[in-house]
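Input: a single structure, listed below in structure tokens.
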Amino acid sequence: MARRARWVVKIGSALLTNDGKGLDRQLMQQWVDRLVRLMDQEVDLVVVSSGAVAEGMTRLGWQRRPESIHELQAAAAVGQMGLVRAWEACFRRHDRHTAQVLLTHDDLSDRKRYLNARATLLTLLGLSVVPVVNENDTVVTDEFRFGDNDTLAALVANLVEAERLVILTDQEGLYDADPRQKPDAKLIREARASDPAIVGMAGGGGSGLGRGGMATKVRAARLAARSGTITTIASGRSPDVIEALGAGQAPGTTLMPDTSPLNARKQWLAGHLRMRGRLILDDGAVRRLRQAGSSLLPVGVVDVFGQFSRGEMVVCESEQGERVACGLVNYDAADARRICRKKSSEIAGVLGYMNEEELVHRDNMVVFG
Ligand SMILES: Nc1ncnc2c1ncn2[C@@H]1O[C@H](COP(=O)(O)OP(=O)(O)O)[C@@H](O)[C@H]1O
Ligand SMILES: N[C@@H](CCC(=O)OP(=O)(O)O)C(=O)O
């Protein structure tokens, strides 16, 4: 059965807080009404919501964005409360659960945490819960922060392999110049995310509330393209944009990836990680990986070489020494040795716990041609 489509919808501070006048709950409800309709059309949804700092400033009565990092973090902590409550209330009206997911850069660059974040998000989607993601502003240090949620949303799109990233902002899309400076700027309808020309068109943060501006949105589209994700940058002032997207129209600016999802994922897996170990597979496992598109179960592994931790990259070889696949492993080397040749139902008995029944999940694996 084909899996449901996955979309990541990112909503920026300027839009969400009505240019700093507090959370625009009415508009939020209008978006949610449309988003729920999308979910009814077989789309799983992850919302990436900015606005914690802006909402915190409103609650604390601050007129200007503070300079000090600790004041910003304090404002984010206050505002995040309002933000998740507001999202929860809007989705509740449709009997949908929401979940607060706060991520940092470390969570997505460390492979173990990456796998855990991915598994949790996919579990939430499987439960029809809407994850509401923001950066964990209170704990991040300056050098490791995303800073803008455009980048975070793109990495979340990579994480769940979303078909589409929708970046809702206060402009109709990407213009050939900043429309706040040049009112006659023209809207770009469609471009390749990798086109160097569009980077030059995008200026920095414009609203004073958001941090990213268009430049980070264009960069986000490039990052998202790694997992074959199509990015739409559109105005969230009118919730009809979501309806139009659901009906297959292309409002705002569409930024297309160059590669198909499979190739993009292959490039990403192959380009980013070093092999830490080797798993030797029996003939049955080799066949199942190559022909049936299966995950690798411990029962098909006859030997384990190398030192690796959960989440690291391993190469899978046949007993004849042929490279069959590579992927992110779900157990560390010591535990992999203990469960190889064992049925998945025996894992918990042998180890005293079970992460996943697969040693390497199909989604985290590239099979060589
Ligand atoms: N080429 C461009 N096209 C559209 N907007 C641009 C462009 N260059 C800069 N901008 C500015 O980017 C702003 C949106 O970014 P930002 O304020 O960070 O919003 P958000 O909070 O939605 O992320 C716009 O209000 C606009 O002034
Ligand atoms: N994590 C921050 C969001 C950072 C930010 O301003 O992002 P954006 O408005 O999307 O450019 C917050 O919730 O205030």
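Chain labels A, B, ... are given in the sequence in which chains occur in the structure tokens; within each chain residues are numbered consecutively from 1, and ligands are likewise numbered from 1 in the order shown.
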query = Could you pull out the strand (DSSP E or B) residues of region 197-368 of chain A from DSSP and send them as a PyMOL selection string?
reply = chain A and resi 230-235+253-256+275-281+296+301-306+313-318+323-329+360-367
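Summary of the local environment: counting only C-alpha atoms, residues at most 8 Å from Met57 (chain A), other than itself and those fewer than 6 positions away along its chain, are Gln63, Arg64, Arg65, Ala75 and Gly79 of chain A.
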What does the file look like for those residues with C-alpha atoms, as a PDB file, in the first residue's frame?
ATOM      1  CA  GLN A  63       8.471  46.444  22.744  1.00  0.00           C
ATOM      2  CA  ARG A  64      11.852  45.667  21.212  1.00  0.00           C
ATOM      3  CA  ARG A  65      13.588  42.332  20.538  1.00  0.00           C
ATOM      4  CA  ALA A  75      11.186  35.198  26.076  1.00  0.00           C
ATOM      5  CA  GLY A  79       6.192  32.355  24.515  1.00  0.00           C
TER       6      GLY A  79
END
key: Ile198 (chain A) environment, 10 Å, only C-alpha atoms, sequence neighbours closer than 6 positions dropped, as a PyMOL selection string   = chain A and resi 174-177+188+191-192+214-215+218-219+255
Would you mind exporting N, CA and C atoms of the selected residues as an mmCIF file, in the first residue's frame?
data_model
loop_
_atom_site.group_PDB
_atom_site.id
_atom_site.type_symbol
_atom_site.label_atom_id
_atom_site.label_comp_id
_atom_site.auth_asym_id
_atom_site.auth_seq_id
_atom_site.Cartn_x
_atom_site.Cartn_y
_atom_site.Cartn_z
ATOM 1 N N LEU A 174 8.729 34.350 -3.390
ATOM 2 C CA LEU A 174 10.042 34.951 -3.640
ATOM 3 C C LEU A 174 9.916 35.924 -4.813
ATOM 4 N N TYR A 175 10.343 37.149 -4.602
ATOM 5 C CA TYR A 175 10.342 38.155 -5.673
ATOM 6 C C TYR A 175 11.758 38.313 -6.205
ATOM 7 N N ASP A 176 11.888 38.975 -7.353
ATOM 8 C CA ASP A 176 13.234 39.148 -7.907
ATOM 9 C C ASP A 176 14.033 40.211 -7.146
ATOM 10 N N ALA A 177 13.389 40.875 -6.166
ATOM 11 C CA ALA A 177 14.073 41.783 -5.229
ATOM 12 C C ALA A 177 13.161 41.903 -4.012
ATOM 13 N N ILE A 188 8.521 35.374 -8.526
ATOM 14 C CA ILE A 188 9.064 34.220 -9.263
ATOM 15 C C ILE A 188 8.076 33.072 -9.063
ATOM 16 N N ALA A 191 11.169 27.866 -9.994
ATOM 17 C CA ALA A 191 12.607 27.827 -10.298
ATOM 18 C C ALA A 191 13.157 26.527 -9.739
ATOM 19 N N ARG A 192 14.355 26.200 -10.136
ATOM 20 C CA ARG A 192 15.031 25.052 -9.526
ATOM 21 C C ARG A 192 15.654 25.537 -8.218
ATOM 22 N N MET A 214 14.244 36.141 3.229
ATOM 23 C CA MET A 214 14.066 35.212 2.098
ATOM 24 C C MET A 214 15.300 34.345 1.876
ATOM 25 N N ALA A 215 16.483 34.874 2.249
ATOM 26 C CA ALA A 215 17.725 34.132 1.977
ATOM 27 C C ALA A 215 17.682 32.756 2.638
ATOM 28 N N VAL A 218 15.331 30.353 0.717
ATOM 29 C CA VAL A 218 15.919 29.788 -0.496
ATOM 30 C C VAL A 218 16.935 28.706 -0.120
ATOM 31 N N ARG A 219 17.727 28.975 0.910
ATOM 32 C CA ARG A 219 18.698 27.958 1.361
ATOM 33 C C ARG A 219 17.948 26.715 1.867
ATOM 34 N N LEU A 255 9.836 25.798 -5.696
ATOM 35 C CA LEU A 255 11.262 25.530 -5.929
ATOM 36 C C LEU A 255 11.465 24.022 -6.022
#
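Atom to atom, CA of His97 (chain A) and CA of Leu83 (chain A) stand 14.8 Å apart.
Each of A:Thr104, A:Ser260, A:Gln80, A:Ser50 was compared to Val140 (chain A) using only C-alpha atoms, and A:Thr104 turns out to be the nearest.
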query = Which residues, written as a ChimeraX atom specification, have at least one atom at most 9 Å from region 353-359 of chain A, with only C-alpha atoms counted and residues fewer than 4 positions away on the same chain left out?
reply = /A:295-298,301,328-331,336,340,343-345,347-349
task = Excluding Asp110 (chain A) and residues on its chain fewer than 4 positions from it, collect all residues at most 10 Å away from it, counting only C-alpha atoms, and give them as a PyMOL selection string.
result = chain A and resi 105-106+114-115+311-312
Using 8 Å as the limit and counting only C-alpha atoms, can you tabulate each residue of region 41-149 of chain A that touches region 10-30 of chain A, with its shortest atom-to-atom distance in Å and the two atoms involved, as a Markdown table?
| residue | atom | partner | partner_atom | distance |
| --- | --- | --- | --- | --- |
| A:Val47 | CA | A:Lys10 | CA | 5.9 |
| A:Val48 | CA | A:Lys10 | CA | 4.5 |
| A:Ser49 | CA | A:Ile11 | CA | 5.2 |
| A:Ser50 | CA | A:Ser13 | CA | 5.1 |
| A:Gly51 | CA | A:Ser13 | CA | 4.3 |
| A:Ala52 | CA | A:Ser13 | CA | 7.9 |
| A:Ala54 | CA | A:Gly20 | CA | 6.2 |
| A:Glu55 | CA | A:Gly22 | CA | 5.7 |
| A:Thr58 | CA | A:Gly22 | CA | 5.8 |
| A:Leu83 | CA | A:Leu23 | CA | 7.7 |
| A:Ala86 | CA | A:Arg25 | CA | 6.9 |
| A:Trp87 | CA | A:Met28 | CA | 7.5 |
| A:Cys90 | CA | A:Gln29 | CA | 5.3 |
| A:Phe91 | CA | A:Gln29 | CA | 7.9 |
| A:Asn149 | CA | A:Gly12 | CA | 7.5 |
Let's have the selection written as an mmCIF file, in the first residue's frame, with N, CA and C atoms.
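Output saved as again.cif:
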data_model
loop_
_atom_site.group_PDB
_atom_site.id
_atom_site.type_symbol
_atom_site.label_atom_id
_atom_site.label_comp_id
_atom_site.auth_asym_id
_atom_site.auth_seq_id
_atom_site.Cartn_x
_atom_site.Cartn_y
_atom_site.Cartn_z
ATOM 1 N N VAL A 47 3.926 20.470 11.564
ATOM 2 C CA VAL A 47 3.916 21.934 11.583
ATOM 3 C C VAL A 47 5.212 22.404 12.235
ATOM 4 N N VAL A 48 5.935 23.300 11.573
ATOM 5 C CA VAL A 48 7.101 23.930 12.210
ATOM 6 C C VAL A 48 6.679 25.360 12.501
ATOM 7 N N SER A 49 6.554 25.674 13.774
ATOM 8 C CA SER A 49 5.989 26.964 14.156
ATOM 9 C C SER A 49 7.018 27.834 14.865
ATOM 10 N N SER A 50 7.289 29.008 14.298
ATOM 11 C CA SER A 50 8.081 30.034 14.976
ATOM 12 C C SER A 50 7.131 30.815 15.868
ATOM 13 N N GLY A 51 7.643 31.868 16.465
ATOM 14 C CA GLY A 51 6.764 32.769 17.202
ATOM 15 C C GLY A 51 6.920 32.729 18.706
ATOM 16 N N ALA A 52 7.811 31.840 19.223
ATOM 17 C CA ALA A 52 7.954 31.770 20.679
ATOM 18 C C ALA A 52 8.527 33.078 21.234
ATOM 19 N N ALA A 54 8.551 36.055 19.796
ATOM 20 C CA ALA A 54 7.604 37.151 19.574
ATOM 21 C C ALA A 54 6.445 37.094 20.579
ATOM 22 N N GLU A 55 5.904 35.907 20.822
ATOM 23 C CA GLU A 55 4.798 35.767 21.768
ATOM 24 C C GLU A 55 5.288 36.041 23.202
ATOM 25 N N THR A 58 5.467 39.723 23.726
ATOM 26 C CA THR A 58 4.130 40.292 23.955
ATOM 27 C C THR A 58 3.689 40.037 25.397
ATOM 28 N N LEU A 83 2.351 29.410 22.513
ATOM 29 C CA LEU A 83 2.327 28.884 21.155
ATOM 30 C C LEU A 83 1.691 27.493 21.113
ATOM 31 N N ALA A 86 -2.003 27.466 21.909
ATOM 32 C CA ALA A 86 -2.849 27.967 20.820
ATOM 33 C C ALA A 86 -3.009 26.908 19.731
ATOM 34 N N TRP A 87 -1.911 26.244 19.347
ATOM 35 C CA TRP A 87 -2.012 25.190 18.323
ATOM 36 C C TRP A 87 -2.907 24.052 18.802
ATOM 37 N N CYS A 90 -6.557 24.928 18.589
ATOM 38 C CA CYS A 90 -7.082 24.957 17.207
ATOM 39 C C CYS A 90 -7.320 23.533 16.677
ATOM 40 N N PHE A 91 -6.348 22.632 16.891
ATOM 41 C CA PHE A 91 -6.508 21.261 16.382
ATOM 42 C C PHE A 91 -7.551 20.484 17.191
ATOM 43 N N ASN A 149 13.822 29.328 11.563
ATOM 44 C CA ASN A 149 13.117 28.049 11.482
ATOM 45 C C ASN A 149 12.996 27.520 10.058
#
message = With only C-alpha atoms as the counted atoms, please give the residues lying no more than 7 Å from Ala193 (chain A), apart from itself and same-chain residues fewer than 2 positions off, as a PyMOL selection string.
response = chain A and resi 191+195+221-222+225+255-257
request  = Looking only at alpha helix (DSSP H) from DSSP on the backbone, list the matching residues of region 244-353 of chain A as an NGL selection string.
outcome  = :A and (244-246 or 261-272 or 283-291 or 333-339 or 347-351)
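Distances from A:Lys217, A:Arg362, A:Arg337, A:Arg310 to ligand 2 were compared using only C-alpha atoms and all ligand atoms, and the smallest one belongs to A:Lys217.
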query = If you measure from CA of Asp170 (chain A) to CA of Asp148 (chain A), what distance in Å do you get, rounded to one decimal?
reply = 15.1 Å
remark   = Separating CA of Leu60 (chain A) from CA of Val132 (chain A), to the nearest tenth of an Å, is a gap of 23.0 Å
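Residue nearest ligand 2 within the list A:Glu42, A:Val133, A:Trp62, A:Arg189: A:Val133 [criterion: smallest interatomic distance, only C-alpha atoms and all ligand atoms].
Of the residues listed (A:Val130, A:Leu102, A:Ala234, A:Val53), A:Ala234 shows the shortest atom-to-atom separation from Thr169 (chain A); distances use only C-alpha atoms.
Remark: for ligand 2, the closest of the candidate residues A:Ser109, A:Asn134, A:Gln100, A:Ser128 is A:Asn134 (distances computed over only C-alpha atoms and all ligand atoms).
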